[in-house]
Structures are given as structure tokens and as C-alpha cells.
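K.L.:
This is final28.txt (compact mmCIF, C-alpha atoms and all ligand atoms).
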# COMPACT_ATOMS: atom_id res chain seq x y z
CA MET L 41 7.81 49.46 -5.87
CA ILE L 42 11.19 50.96 -4.94
CA LYS L 43 11.19 54.16 -2.91
CA ILE L 44 13.72 57.02 -3.33
CA SER L 45 14.94 56.23 0.18
CA ASP L 46 16.07 52.81 -1.09
CA ILE L 47 18.85 54.31 -3.25
CA ASN L 48 21.57 52.85 -1.02
CA LYS L 49 20.00 49.43 -1.37
CA ILE L 50 20.01 49.84 -5.16
CA ARG L 51 23.68 50.86 -5.14
CA GLU L 52 24.54 47.62 -3.35
CA ASP L 53 23.55 45.77 -6.55
CA PHE L 54 26.43 47.36 -8.48
CA TYR L 55 29.94 46.16 -7.65
CA LEU L 56 31.66 49.47 -8.41
CA LEU L 57 29.12 51.56 -6.53
CA LYS L 58 29.39 49.27 -3.53
CA ASN L 59 33.14 48.73 -3.48
CA SER L 60 34.77 51.91 -4.79
CA ASP L 61 34.49 55.68 -4.56
CA LEU L 62 33.91 56.00 -8.31
CA THR L 63 31.56 58.77 -9.43
CA TYR L 64 30.13 57.22 -12.57
CA LEU L 65 28.53 59.79 -14.85
CA ASP L 66 29.04 58.17 -18.26
CA ASN L 67 25.73 56.33 -18.38
CA ALA L 68 24.79 57.59 -21.84
CA ALA L 69 27.78 55.61 -23.13
CA SER L 70 27.10 52.48 -21.05
CA SER L 71 25.33 51.84 -17.79
CA LEU L 72 26.80 49.70 -15.04
CA LYS L 73 25.48 46.16 -14.69
CA PRO L 74 23.77 44.92 -11.51
CA GLN L 75 24.65 41.59 -9.88
CA GLN L 76 21.29 40.15 -10.98
CA VAL L 77 22.30 40.55 -14.65
CA ILE L 78 25.76 39.13 -14.03
CA ASP L 79 24.15 36.14 -12.27
CA ALA L 80 21.87 35.50 -15.26
CA LEU L 81 24.82 35.65 -17.65
CA ASN L 82 26.85 33.36 -15.40
CA TYR L 83 23.97 30.90 -15.17
CA TYR L 84 23.80 30.54 -18.93
CA ASN L 85 27.58 30.43 -19.43
CA GLU L 86 28.30 28.08 -16.55
CA LYS L 87 25.25 25.85 -16.28
CA LEU L 88 24.15 25.73 -19.92
CA GLY L 89 26.58 27.18 -22.44
CA VAL L 90 24.95 25.27 -25.29
CA ASN L 91 23.30 26.33 -28.54
CA VAL L 92 19.58 27.04 -29.01
CA HIS L 93 16.76 25.96 -31.35
CA ARG L 94 18.39 22.86 -32.82
CA GLY L 95 19.65 20.77 -29.92
CA VAL L 96 17.45 17.80 -29.03
CA TYR L 97 18.53 17.51 -25.41
CA LYS L 98 17.49 19.05 -22.09
CA LEU L 99 20.23 21.70 -21.86
CA SER L 100 19.47 23.02 -25.30
CA TYR L 101 15.72 23.09 -24.54
CA GLU L 102 16.42 25.14 -21.43
CA ALA L 103 18.75 27.55 -23.27
CA THR L 104 16.12 27.96 -26.02
CA ASP L 105 13.44 28.56 -23.42
CA LEU L 106 15.53 31.28 -21.70
CA TYR L 107 16.43 32.89 -25.05
CA GLU L 108 12.82 33.06 -26.25
CA LYS L 109 11.52 34.10 -22.82
CA ALA L 110 13.93 37.05 -23.05
CA ARG L 111 12.25 38.01 -26.34
CA GLN L 112 8.87 37.96 -24.58
CA LYS L 113 10.27 40.14 -21.78
CA VAL L 114 11.41 42.71 -24.36
CA ALA L 115 8.01 42.55 -26.08
CA ASP L 116 6.18 43.15 -22.77
CA PHE L 117 8.63 45.91 -21.87
CA ILE L 118 7.92 48.00 -24.98
CA HIS L 119 4.36 46.72 -25.51
CA CYS L 120 4.64 44.86 -28.77
CA LYS L 121 4.21 41.30 -30.00
CA PHE L 122 6.79 38.56 -29.44
CA LYS L 123 7.42 38.21 -33.17
CA GLU L 124 8.12 41.93 -33.56
CA VAL L 125 11.34 41.73 -31.51
CA VAL L 126 14.55 41.13 -33.49
CA PHE L 127 17.71 40.61 -31.46
CA THR L 128 20.70 42.49 -32.90
CA ARG L 129 24.23 43.33 -31.78
CA GLY L 130 23.15 46.74 -30.51
CA ALA L 131 21.27 49.89 -31.46
CA SER L 132 23.72 50.56 -34.30
CA SER L 133 23.10 47.22 -36.00
CA ALA L 134 19.34 47.58 -35.48
CA LEU L 135 19.34 51.04 -37.08
CA ASN L 136 21.51 49.71 -39.91
CA LEU L 137 19.19 46.77 -40.43
CA VAL L 138 16.24 49.08 -41.09
CA ALA L 139 18.23 51.07 -43.64
CA SER L 140 19.90 48.16 -45.40
CA SER L 141 16.75 46.06 -45.55
CA TYR L 142 13.74 48.41 -45.66
CA GLY L 143 15.68 51.34 -47.16
CA MET L 144 17.42 49.40 -49.91
CA LYS L 145 14.16 47.73 -50.91
CA TYR L 146 11.72 50.60 -50.79
CA ILE L 147 13.67 53.84 -51.37
CA ASN L 148 13.85 54.96 -55.00
CA GLU L 149 15.46 57.79 -56.94
CA GLY L 150 14.06 61.18 -55.95
CA ASP L 151 12.50 59.94 -52.70
CA GLU L 152 13.13 61.98 -49.59
CA ILE L 153 14.49 60.76 -46.27
CA ILE L 154 14.22 63.07 -43.29
CA THR L 155 16.76 63.02 -40.49
CA SER L 156 18.42 65.65 -38.27
CA GLU L 157 21.74 67.14 -37.22
CA LEU L 158 20.95 66.03 -33.70
CA GLU L 159 21.40 62.37 -34.63
CA HIS L 160 23.99 59.93 -33.40
CA HIS L 161 25.99 58.81 -36.46
CA SER L 162 24.37 55.37 -36.18
CA SER L 163 20.95 56.89 -36.82
CA MET L 164 22.05 59.13 -39.68
CA LEU L 165 24.85 57.39 -41.62
CA PRO L 166 22.88 54.28 -42.68
CA TRP L 167 20.41 56.63 -44.42
CA GLN L 168 23.17 58.77 -45.89
CA HIS L 169 24.42 55.55 -47.51
CA VAL L 170 20.94 54.54 -48.75
CA ALA L 171 20.42 58.06 -50.15
CA LYS L 172 23.74 57.92 -52.06
CA VAL L 173 23.15 54.45 -53.50
CA LYS L 174 19.49 55.06 -54.38
CA LYS L 175 19.91 58.68 -55.51
CA ALA L 176 17.40 59.77 -52.90
CA LYS L 177 17.54 63.08 -51.02
CA LEU L 178 18.62 63.28 -47.40
CA ILE L 179 16.78 66.19 -45.82
CA TYR L 180 17.60 67.68 -42.42
CA VAL L 181 14.95 69.09 -40.09
CA PRO L 182 16.19 72.58 -39.23
CA LEU L 183 16.98 72.66 -35.51
CA ASP L 184 15.59 75.55 -33.48
CA ALA L 185 17.73 78.09 -31.60
CA GLU L 186 18.25 75.60 -28.76
CA HIS L 187 19.12 72.86 -31.28
CA ARG L 188 15.87 70.99 -30.75
CA ILE L 189 13.70 69.16 -33.27
CA THR L 190 10.30 70.87 -33.27
CA ILE L 191 7.02 69.88 -34.87
CA GLU L 192 6.86 73.25 -36.59
CA ASN L 193 10.24 72.72 -38.27
CA PHE L 194 9.45 69.10 -39.08
CA LYS L 195 6.35 70.26 -40.98
CA LYS L 196 8.59 72.51 -43.11
CA VAL L 197 10.51 69.53 -44.54
CA LEU L 198 7.76 66.91 -44.71
CA THR L 199 6.48 66.43 -48.27
CA HIS L 200 4.57 63.86 -50.29
CA LYS L 201 8.01 62.61 -51.40
CA THR L 202 9.05 61.74 -47.82
CA LYS L 203 9.37 57.97 -47.58
CA VAL L 204 11.36 57.55 -44.37
CA VAL L 205 11.83 59.62 -41.23
CA ALA L 206 14.84 58.60 -39.12
CA LEU L 207 15.02 60.56 -35.86
CA THR L 208 16.31 60.22 -32.36
CA HIS L 209 13.85 59.92 -29.50
CA ALA L 210 16.29 61.40 -26.98
CA SER L 211 19.49 63.19 -27.98
CA ASN L 212 22.70 61.66 -26.63
CA VAL L 213 24.36 65.10 -26.45
CA MET L 214 21.61 67.59 -25.65
CA GLY L 215 19.29 65.31 -23.70
CA TYR L 216 16.26 66.66 -25.56
CA ILE L 217 13.18 64.50 -26.03
CA THR L 218 11.86 64.71 -29.58
CA PRO L 219 8.07 65.19 -29.91
CA ILE L 220 8.15 61.87 -31.71
CA LYS L 221 4.51 60.83 -31.31
CA GLU L 222 3.27 63.91 -33.14
CA ILE L 223 6.01 63.56 -35.77
CA ILE L 224 5.04 59.92 -36.38
CA LYS L 225 1.40 60.95 -36.86
CA LEU L 226 2.38 63.61 -39.42
CA ALA L 227 4.77 61.24 -41.22
CA HIS L 228 2.07 58.59 -41.50
CA GLU L 229 -0.27 61.12 -43.07
CA VAL L 230 2.08 61.30 -46.08
CA GLY L 231 2.69 57.53 -46.05
CA ALA L 232 6.23 57.65 -44.65
CA VAL L 233 7.60 55.11 -42.17
CA VAL L 234 9.43 56.24 -39.04
CA SER L 235 12.59 54.66 -37.63
CA VAL L 236 13.14 55.88 -34.08
CA ASP L 237 16.53 55.78 -32.38
CA GLY L 238 15.54 54.76 -28.86
CA ALA L 239 19.09 54.19 -27.54
CA GLN L 240 18.77 57.05 -25.04
CA SER L 241 15.03 56.87 -24.37
CA VAL L 242 14.18 53.21 -23.74
CA PRO L 243 16.59 52.87 -20.75
CA HIS L 244 15.20 55.98 -19.06
CA MET L 245 11.47 56.30 -19.70
CA LYS L 246 8.36 54.24 -20.33
CA VAL L 247 8.26 53.58 -24.06
CA ASP L 248 5.11 52.06 -25.51
CA VAL L 249 5.65 51.41 -29.21
CA LYS L 250 1.97 50.85 -29.85
CA GLU L 251 1.07 54.17 -28.27
CA LEU L 252 3.81 55.95 -30.24
CA ASP L 253 2.77 54.02 -33.35
CA CYS L 254 6.40 54.01 -34.54
CA ASP L 255 7.28 51.65 -37.36
CA PHE L 256 10.72 50.79 -35.98
CA ILE L 257 12.62 51.50 -32.79
CA SER L 258 16.19 50.49 -31.98
CA PHE L 259 18.01 50.27 -28.66
CA SER L 260 20.97 48.63 -26.91
CA GLY L 261 21.19 46.38 -23.86
CA HIS L 262 24.35 47.92 -22.43
CA LYS L 263 22.76 51.30 -21.79
CA MET L 264 19.96 49.77 -19.70
CA CYS L 265 21.83 47.58 -17.19
CA GLY L 266 22.28 44.75 -19.69
CA PRO L 267 25.41 43.37 -21.33
CA THR L 268 27.22 44.68 -24.39
CA GLY L 269 26.70 42.89 -27.70
CA ILE L 270 22.91 42.76 -27.58
CA GLY L 271 20.35 45.19 -28.94
CA VAL L 272 16.80 45.19 -30.16
CA LEU L 273 15.04 46.17 -33.33
CA TYR L 274 11.30 46.48 -32.89
CA GLY L 275 9.43 46.58 -36.18
CA LYS L 276 5.74 46.37 -37.03
CA TYR L 277 5.24 42.78 -38.06
CA LYS L 278 3.83 43.57 -41.48
CA LEU L 279 6.88 45.68 -42.26
CA LEU L 280 9.34 43.08 -40.95
CA GLN L 281 7.62 40.42 -43.03
CA SER L 282 7.88 42.59 -46.15
CA MET L 283 11.62 43.11 -45.69
CA ASP L 284 14.49 40.92 -46.95
CA PRO L 285 17.21 39.54 -44.71
CA VAL L 286 20.61 41.20 -45.03
CA GLU L 287 22.66 38.29 -43.71
CA PHE L 288 22.29 34.76 -44.97
CA GLY L 289 23.26 31.42 -43.45
CA GLY L 290 22.34 29.16 -40.57
CA ASP L 291 19.10 29.14 -38.61
CA MET L 292 17.24 31.74 -40.68
CA ILE L 293 16.06 29.51 -43.51
CA ASP L 294 12.98 27.48 -44.09
CA TYR L 295 14.23 25.42 -47.05
CA VAL L 296 17.36 25.64 -49.20
CA TYR L 297 17.37 24.64 -52.89
CA LEU L 298 20.39 24.86 -55.17
CA GLN L 299 19.27 28.05 -56.88
CA ASP L 300 16.82 29.42 -54.35
CA VAL L 301 15.87 29.56 -50.69
CA THR L 302 12.84 30.27 -48.53
CA PHE L 303 13.28 32.06 -45.23
CA LYS L 304 11.72 31.73 -41.82
CA ASP L 305 9.22 34.36 -40.78
CA ALA L 306 10.33 37.46 -38.86
CA PRO L 307 12.06 37.82 -36.49
CA TYR L 308 14.10 34.68 -37.24
CA LYS L 309 14.98 35.57 -40.83
CA PHE L 310 16.98 38.50 -39.41
CA GLU L 311 18.86 36.44 -36.78
CA THR L 312 21.40 34.59 -38.88
CA GLY L 313 23.66 31.96 -37.32
CA THR L 314 24.04 31.17 -33.65
CA PRO L 315 22.11 33.97 -31.96
CA ILE L 316 23.34 36.22 -29.15
CA ILE L 317 22.13 33.78 -26.50
CA ALA L 318 23.88 35.10 -23.38
CA GLY L 319 23.19 38.68 -24.49
CA ALA L 320 19.48 38.06 -24.90
CA ILE L 321 19.27 36.33 -21.51
CA GLY L 322 21.21 39.28 -20.09
CA ILE L 323 18.87 41.92 -21.54
CA GLY L 324 15.94 39.87 -20.22
CA ALA L 325 17.47 39.98 -16.73
CA ALA L 326 18.10 43.72 -17.13
CA ILE L 327 14.43 44.24 -17.97
CA ASP L 328 13.39 42.25 -14.88
CA TYR L 329 15.70 44.48 -12.87
CA LEU L 330 14.40 47.75 -14.37
CA ASN L 331 10.81 46.60 -13.85
CA GLU L 332 11.58 45.90 -10.22
CA ILE L 333 13.05 49.39 -9.78
CA GLY L 334 10.13 50.84 -11.75
CA PHE L 335 10.12 53.72 -14.19
CA ASP L 336 8.34 55.98 -11.69
CA PHE L 337 11.47 55.78 -9.58
CA ILE L 338 13.87 55.97 -12.53
CA GLU L 339 12.22 59.04 -14.01
CA SER L 340 11.83 60.89 -10.72
CA GLN L 341 15.39 60.16 -9.58
CA GLU L 342 16.87 61.35 -12.88
CA SER L 343 14.68 64.44 -12.90
CA LYS L 344 15.68 65.29 -9.31
CA LEU L 345 19.36 64.93 -10.23
CA ARG L 346 18.93 67.01 -13.39
CA ILE L 347 17.44 69.93 -11.47
CA TYR L 348 20.04 69.65 -8.71
CA ALA L 349 22.93 69.54 -11.19
CA LEU L 350 21.69 72.36 -13.43
CA THR L 351 21.13 74.68 -10.48
CA GLN L 352 24.78 74.32 -9.52
CA LEU L 353 26.34 74.21 -12.97
CA LYS L 354 24.52 77.36 -14.11
CA ASN L 355 26.32 79.28 -11.38
CA ILE L 356 29.87 78.25 -12.26
CA GLU L 357 31.70 81.08 -13.96
CA GLY L 358 33.52 80.10 -17.15
CA LEU L 359 31.38 77.01 -17.67
CA GLN L 360 29.65 76.92 -21.06
CA LEU L 361 26.46 74.95 -20.61
CA PHE L 362 25.09 73.81 -23.99
CA ASN L 363 21.74 72.44 -22.84
CA PRO L 364 20.53 74.32 -19.74
CA ASN L 365 17.01 73.12 -20.59
CA THR L 366 17.84 69.43 -21.06
CA ASP L 367 14.86 67.12 -20.63
CA THR L 368 16.90 64.17 -19.33
CA GLY L 369 19.96 63.30 -17.26
CA ILE L 370 22.34 64.35 -20.04
CA ILE L 371 24.29 67.57 -19.57
CA SER L 372 26.85 68.90 -22.07
CA PHE L 373 29.32 71.61 -21.22
CA ASN L 374 32.84 72.92 -21.69
CA ILE L 375 35.21 74.79 -19.45
CA GLU L 376 36.22 77.91 -21.37
CA GLY L 377 39.74 77.69 -22.76
CA VAL L 378 40.29 74.04 -21.79
CA HIS L 379 40.07 71.12 -24.20
CA PRO L 380 37.31 68.67 -23.18
CA HIS L 381 39.78 65.76 -23.15
CA ASP L 382 41.98 67.64 -20.67
CA VAL L 383 38.88 68.23 -18.55
CA ALA L 384 38.03 64.52 -18.68
CA SER L 385 41.58 63.58 -17.62
CA ALA L 386 41.47 66.07 -14.76
CA PHE L 387 38.12 64.60 -13.63
CA ASP L 388 39.62 61.14 -13.78
CA GLN L 389 42.18 62.22 -11.17
CA GLU L 390 39.17 62.84 -8.92
CA ASN L 391 37.66 59.47 -9.84
CA VAL L 392 34.83 61.13 -11.76
CA ALA L 393 34.09 59.28 -15.01
CA ILE L 394 32.44 61.37 -17.73
CA ARG L 395 32.69 61.46 -21.52
CA ALA L 396 34.54 63.99 -23.67
CA GLY L 397 34.45 64.04 -27.45
CA HIS L 398 32.07 64.54 -30.34
CA HIS L 399 29.78 61.80 -28.98
CA CYS L 400 29.34 60.34 -32.49
CA ALA L 401 27.45 63.49 -33.42
CA GLN L 402 29.87 65.56 -35.47
CA PRO L 403 27.18 67.49 -37.38
CA LEU L 404 25.78 68.62 -34.02
CA MET L 405 29.28 69.69 -32.90
CA ASN L 406 29.38 71.92 -36.00
CA CYS L 407 26.02 73.42 -35.00
CA LEU L 408 27.40 74.07 -31.50
CA LYS L 409 30.62 75.43 -33.04
CA GLN L 410 32.65 73.07 -30.86
CA VAL L 411 35.07 70.30 -31.74
CA ALA L 412 33.95 68.38 -28.68
CA THR L 413 32.07 68.73 -25.40
CA VAL L 414 32.20 67.24 -21.95
CA ARG L 415 29.10 65.16 -21.20
CA ALA L 416 27.86 64.06 -17.80
CA SER L 417 24.98 61.58 -17.88
CA PHE L 418 23.05 60.15 -14.94
CA TYR L 419 21.14 56.98 -14.24
CA PHE L 420 18.77 56.05 -11.42
CA TYR L 421 21.62 54.83 -9.17
CA ASN L 422 23.37 58.22 -9.14
CA THR L 423 22.95 60.50 -6.14
CA GLU L 424 23.28 64.17 -5.24
CA LYS L 425 26.70 63.27 -3.82
CA ASP L 426 27.76 62.29 -7.36
CA ILE L 427 26.71 65.73 -8.59
CA ASP L 428 28.60 67.37 -5.72
CA ASN L 429 31.68 65.38 -6.75
CA LEU L 430 31.24 66.54 -10.34
CA VAL L 431 30.95 70.19 -9.27
CA GLU L 432 34.00 69.81 -7.05
CA ALA L 433 35.95 68.23 -9.95
CA ILE L 434 34.96 71.14 -12.24
CA LYS L 435 36.13 73.68 -9.68
CA LYS L 436 39.45 71.89 -9.18
CA ALA L 437 40.01 71.56 -12.94
CA LYS L 438 39.29 75.25 -13.43
CA GLU L 439 41.74 76.19 -10.68
CA PHE L 440 44.40 73.93 -12.16
CA PHE L 441 44.04 75.07 -15.77
CA ASP L 442 43.80 78.74 -14.74
CA LEU L 443 47.45 78.42 -13.64
CA PHE L 444 48.45 77.97 -17.31
CA LYS L 445 46.44 80.87 -18.71
C1 LIG D 501 21.40 58.09 -29.50
C2 LIG D 501 22.26 56.90 -29.79
N1 LIG D 501 21.99 56.15 -30.85
C3 LIG D 501 22.70 55.07 -31.17
C4 LIG D 501 23.76 54.69 -30.40
C5 LIG D 501 24.54 53.47 -30.79
O1 LIG D 501 24.44 52.50 -29.80
P1 LIG D 501 25.43 51.25 -29.81
O2 LIG D 501 26.81 51.80 -29.76
O3 LIG D 501 25.07 50.51 -28.57
O4 LIG D 501 25.15 50.48 -31.05
C6 LIG D 501 24.11 55.45 -29.28
C7 LIG D 501 25.28 55.09 -28.46
O5 LIG D 501 25.86 55.90 -27.78
C8 LIG D 501 23.32 56.57 -28.95
O6 LIG D 501 23.59 57.33 -27.90
Please express what this file holds, its structure, as C-alpha cells.

P.N.:
Amino acid sequence: MIKISDINKIREDFYLLKNSDLTYLDNAASSLKPQQVIDALNYYNEKLGVNVHRGVYKLSYEATDLYEKARQKVADFIHCKFKEVVFTRGASSALNLVASSYGMKYINEGDEIITSELEHHSSMLPWQHVAKVKKAKLIYVPLDAEHRITIENFKKVLTHKTKVVALTHASNVMGYITPIKEIIKLAHEVGAVVSVDGAQSVPHMKVDVKELDCDFISFSGHKMCGPTGIGVLYGKYKLLQSMDPVEFGGDMIDYVYLQDVTFKDAPYKFETGTPIIAGAIGIGAAIDYLNEIGFDFIESQESKLRIYALTQLKNIEGLQLFNPNTDTGIISFNIEGVHPHDVASAFDQENVAIRAGHHCAQPLMNCLKQVATVRASFYFYNTEKDIDNLVEAIKKAKEFFDLFK
């Protein structure tokens, strides 16, 4: 078990944290990758580099073994069965897979799909498309005054017509944790299935899909110390088995006839063509790494940083803080009178990397009455010094832009 005092040791694992004075606070977009993950990727690319499943030679057996062991690591990580883990290109493709496969098969005219204005576009747009094509209704949970999803408001939109609930577990702009377990229970009472966007929760907190009882959860490797180009769709096996593939071709078939085809069982029927071999091995290595750090450490470090940051940011005059009660290491703000992109460029001069924009959540920007916000997001390898650098960068940016007012 890693102790808080080991933070410097942890930072040694990340090239940029070890070798530069970068203050990296854009973790909600992508986390940095530790050497252990890079080594695993290099091992596959350099020492193996071959295809999986079909090769009848030692290298291919080893690559297949590493690829499938990575699936088991994911399954253990989120507490599901091996065959319930589908490798995808990322959270977006996993969320899309649920909509284009489950949604297109089971949603009918007049059915209701519940989502929210807090969603990342990748959680919401696939269902907007299904609703349009199937003439179903897309219903939004009213957000509360703080722009949170609450159980009370969810109950207001849940009906016997609700067939799917597609909600974020942790907001990528406001950092709020959705009371998803209770929502899932209520949704199941009316027979609806729940697709959870876990892109911002799985990297940061213990997520047990069996305990949540979610039907689907989607997340990306690159936000949890893994490589880009790999993600995961967890689905209850019965549901995955009942769904049709959305891509057709190599590796996913059982037998091909001229006018028909039979498919492999889940998860393989959803992994068409040469799979994301290096990516899967990389996410497996990332999970090993996160397990070694431990979620007790991850959660306590991020919570410590959140409190430290909020205490300082709340006291900066002219700083509009949009989520002073954030539950996670995601903080959204603007400097009054300065465009967020100008703020981000000013921060860059100080070597502070943050994100400015609509964060793929334009409906939420409308709720906040902003075109964009600045977002700082922490991970377990950040320190109080990083927050001090952020505060210093804000003060300098304010001073600079005040000259033009
Ligand atoms: C909440 C949320 N959902 C989905 C996504 C999409 O993830 P990806 O771009 O890895 O597919 C993101 C990415 O920022 C996100 O923050």
C-alpha cells in the first residue's frame, strides 16, 4: 500500500513530472502515463508485435495470452465476469455501441430515454440519434440549482415508458458524483436499463459494477494512466448476448454462409477485425499500476487537493467558481471579463496545463450561461505545489488582463 509520503516516488514514474517543471492539471482530458505502462506497450510492440487468436506459433500465443489476461484484469478491476468486458476504442465508442446496438434493437416509437444536460456529448448524442430514428422521446432530468442530478428530480421524469437511462457517473465539468446506485434501482423498478458513463469515475474511485447493478458502463484507458485508443464497455452478459454486432468482418464470426452468418458469443462478436492488442495490454498495465497505488491513496490525495484548491480559489476576487461544492478533483471557473482560451494561453506561459472550452458539454454551458469555462483537474500524482502554481498563474493572468480593462 502506497503512503501519501511516497508522492515523490510516484512522480518519478512519470517522465514529465520527473524531468520538467510542468504543472499538469488537465487530467480529466487525459492522464499522464507511467513508465510501467510504456514498458508494457514497448514489450508488445518490440518483442511480439504479432496478431492474436489465429496465429499457431509461440509469439501469437503469447500475444493472445497478454491480450486476454488484460481482459481479466479489467474484469477483476470493476468486479465483473471476463466475458462481460468488451474492448472498444474509448468511452465514446463504448457509449455509442450501447446506443447503436441495444438502442436500435429495443427502443420503439413513443419510448422514453432519460439523460441529462450534465452529460458529455458522447453520453448524450448517441441517444439523441436513436430517439430521432426511432421516434422515441429524449427526456432530460431537470438539474438542481447547483446543476446536479438528484434522485428527487430523477423520480419526476421516470415513467413506465422509460426504456433507457443514460447518465454520467461523474461530471467532466462540475465534478459531481451522480447518485447512480439509487437511480439504477429506481430505473430497474420500471424495467429500464441503465448505461453509465464512467469515463470520469472509474479512473478515480472504486467502481464495483455488481454492487451498482448497472447494465452498462463505459470508460477510457487514457484517463486512467493507460494509452489512447482503448476503452471498455462492461455489459451484463445476458444483455450483451441479446444484442447484435454493429460492425461485421474478421474474428467476430462463428460460421459464414453465403446468405447468412452466425456470430461468436459476447464479447468477441463486438470486437471486429484485429483487436486493439497493444491498447488492451496497456490498459492492463495501467490497472496493475493503479492497484499498486491503491484507491485509498488515490481518493484521499484527490480529496486533499480538492479542499486545498477550493479554499484558495474561493478567496480570489473576480474568479467565478462554478462548482464550489465539487465532489472530485474537477474545478471549473472563469476569470471575469477574460475569455477562457486567453486564460489558458496565459497559464501556458507559466507552464500550467489546464483545459478551456465547452468540454464537450454545450448544453451544460447553456445552463451555466457561459460559452466556455476553464477547467483544472487533478490526479493522484498532483501535489499542493501544483495548486500553488495554479493560484499563482491565476493571479498573474488577472494582473495582466487588468491592464487592458
Ligand atoms: C464524462 C466523459 N464521457 C465520455 C468521454 C469520452 O471519452 P473518450 O474521448 O476517451 O472517448 C469523456 C472524455 O472527456 C468524458 O469526460

K.L.:
List every residue of segment 214-281 of chain L that has an atom at most 12 Å from any atom of segment 151-170 of chain L, giving for each one its closest atom pair and the distance in Å to one decimal, counting only C-alpha atoms, sorted by chain and then by ascending residue number, as a tab-separated table.

P.N.:
residue	atom	partner	partner_atom	distance
L:Met214	CA	L:Leu158	CA	8.2
L:Gly215	CA	L:Leu158	CA	10.2
L:Tyr216	CA	L:Leu158	CA	9.4
L:Ile217	CA	L:Leu158	CA	11.0
L:Thr218	CA	L:Leu158	CA	10.1
L:Ile223	CA	L:Ile154	CA	11.1
L:Ile224	CA	L:Ile154	CA	11.9
L:Ala227	CA	L:Ile154	CA	9.8
L:Val230	CA	L:Glu152	CA	11.6
L:Gly231	CA	L:Glu152	CA	11.9
L:Ala232	CA	L:Ile153	CA	9.0
L:Val233	CA	L:Ile153	CA	9.8
L:Val234	CA	L:Ile154	CA	9.4
L:Ser235	CA	L:Ser163	CA	8.7
L:Val236	CA	L:Ser163	CA	8.3
L:Asp237	CA	L:Ser163	CA	6.4
L:Gly238	CA	L:Ser163	CA	9.9
L:Ala239	CA	L:His160	CA	9.6
L:Gln240	CA	L:His160	CA	10.3
L:Phe256	CA	L:Ser163	CA	11.9
L:Ile257	CA	L:Ser163	CA	10.7
L:Ser258	CA	L:Ser163	CA	9.3
L:Phe259	CA	L:Ser163	CA	10.9
L:Ser260	CA	L:Ser162	CA	12.0

K.L.:
Kindly give the distance, in Å, that separates atom O5 of ligand LIG 501 (chain D) and atom CA of Ala69 of chain L, rounded to a single decimal.

P.N.:
5.0 Å

K.L.:
Once you count only C-alpha atoms, which residues end up no further than 10 Å from (16.7, 74.6, -18.7) in the file's frame, shown as a PDB file with C-alpha atoms, in the coordinates of the input?

P.N.:
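After the write, part_0.pdb holds the following:
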ATOM      1  CA  ARG L 346      18.930  67.010 -13.390  1.00  0.00           C
ATOM      2  CA  ILE L 347      17.440  69.930 -11.470  1.00  0.00           C
ATOM      3  CA  LEU L 350      21.690  72.360 -13.430  1.00  0.00           C
ATOM      4  CA  THR L 351      21.130  74.680 -10.480  1.00  0.00           C
ATOM      5  CA  LYS L 354      24.520  77.360 -14.110  1.00  0.00           C
ATOM      6  CA  LEU L 361      26.460  74.950 -20.610  1.00  0.00           C
ATOM      7  CA  PHE L 362      25.090  73.810 -23.990  1.00  0.00           C
ATOM      8  CA  ASN L 363      21.740  72.440 -22.840  1.00  0.00           C
ATOM      9  CA  PRO L 364      20.530  74.320 -19.740  1.00  0.00           C
ATOM     10  CA  ASN L 365      17.010  73.120 -20.590  1.00  0.00           C
ATOM     11  CA  THR L 366      17.840  69.430 -21.060  1.00  0.00           C
ATOM     12  CA  ASP L 367      14.860  67.120 -20.630  1.00  0.00           C
TER      13      ASP L 367
END

K.L.:
Calculate how many Å separate atom CA of Tyr84 of chain L from atom CA of Ala103 of chain L, rounding to one decimal.

P.N.:
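One can read the atom CA of Tyr84 of chain L to atom CA of Ala103 of chain L distance as 7.3 Å.
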
K.L.:
What does the structure give for the distance between atom O2 of ligand LIG 501 (chain D) and atom CA of Leu81 of chain L, in Å to one decimal?

P.N.:
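Value for the atom O2 of ligand LIG 501 (chain D)-atom CA of Leu81 of chain L distance: 20.3 Å.
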
K.L.:
With only C-alpha atoms as the basis for distance, which of L:Leu99, L:Ile147, L:Ile220, L:Ile316 is at the shortest distance from Glu251 of chain L?

P.N.:
L:Ile220

K.L.:
Find the residue from L:Ser372, L:Asn59, L:Gln352, L:Thr190 that sits nearest to Asn429 of chain L; use only C-alpha atoms when measuring.

P.N.:
L:Gln352

K.L.:
Given all atoms listed in the file as the basis, pick out the residue of L:Asp105, L:His209, L:Lys201, L:Asp428 nearest to ligand LIG 501 (chain D).

P.N.:
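Closest to ligand LIG 501 (chain D) of all the choices is L:His209.
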
K.L.:
Can you work out which one of L:Ile317, L:Leu298, L:Met405, L:Val378 has the shortest atom-to-atom distance to His93 of chain L, counting only C-alpha atoms?

P.N.:
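So, comparing all the options, the nearest one is L:Ile317.
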
K.L.:
Using only C-alpha atoms and all ligand atoms, which residue out of L:Ala210, L:Leu430, L:Leu198, L:Ile179 lies closest to ligand LIG 501 (chain D)?

P.N.:
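Once distances to ligand LIG 501 (chain D) are computed over only C-alpha atoms and all ligand atoms, the minimum belongs to L:Ala210.
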
K.L.:
Name the closest residue to Ser241 of chain L among the candidates L:Ser340, L:Asn355, L:Thr368, L:Asn91; distances are taken between atoms, counting all atoms listed in the file.

P.N.:
L:Thr368
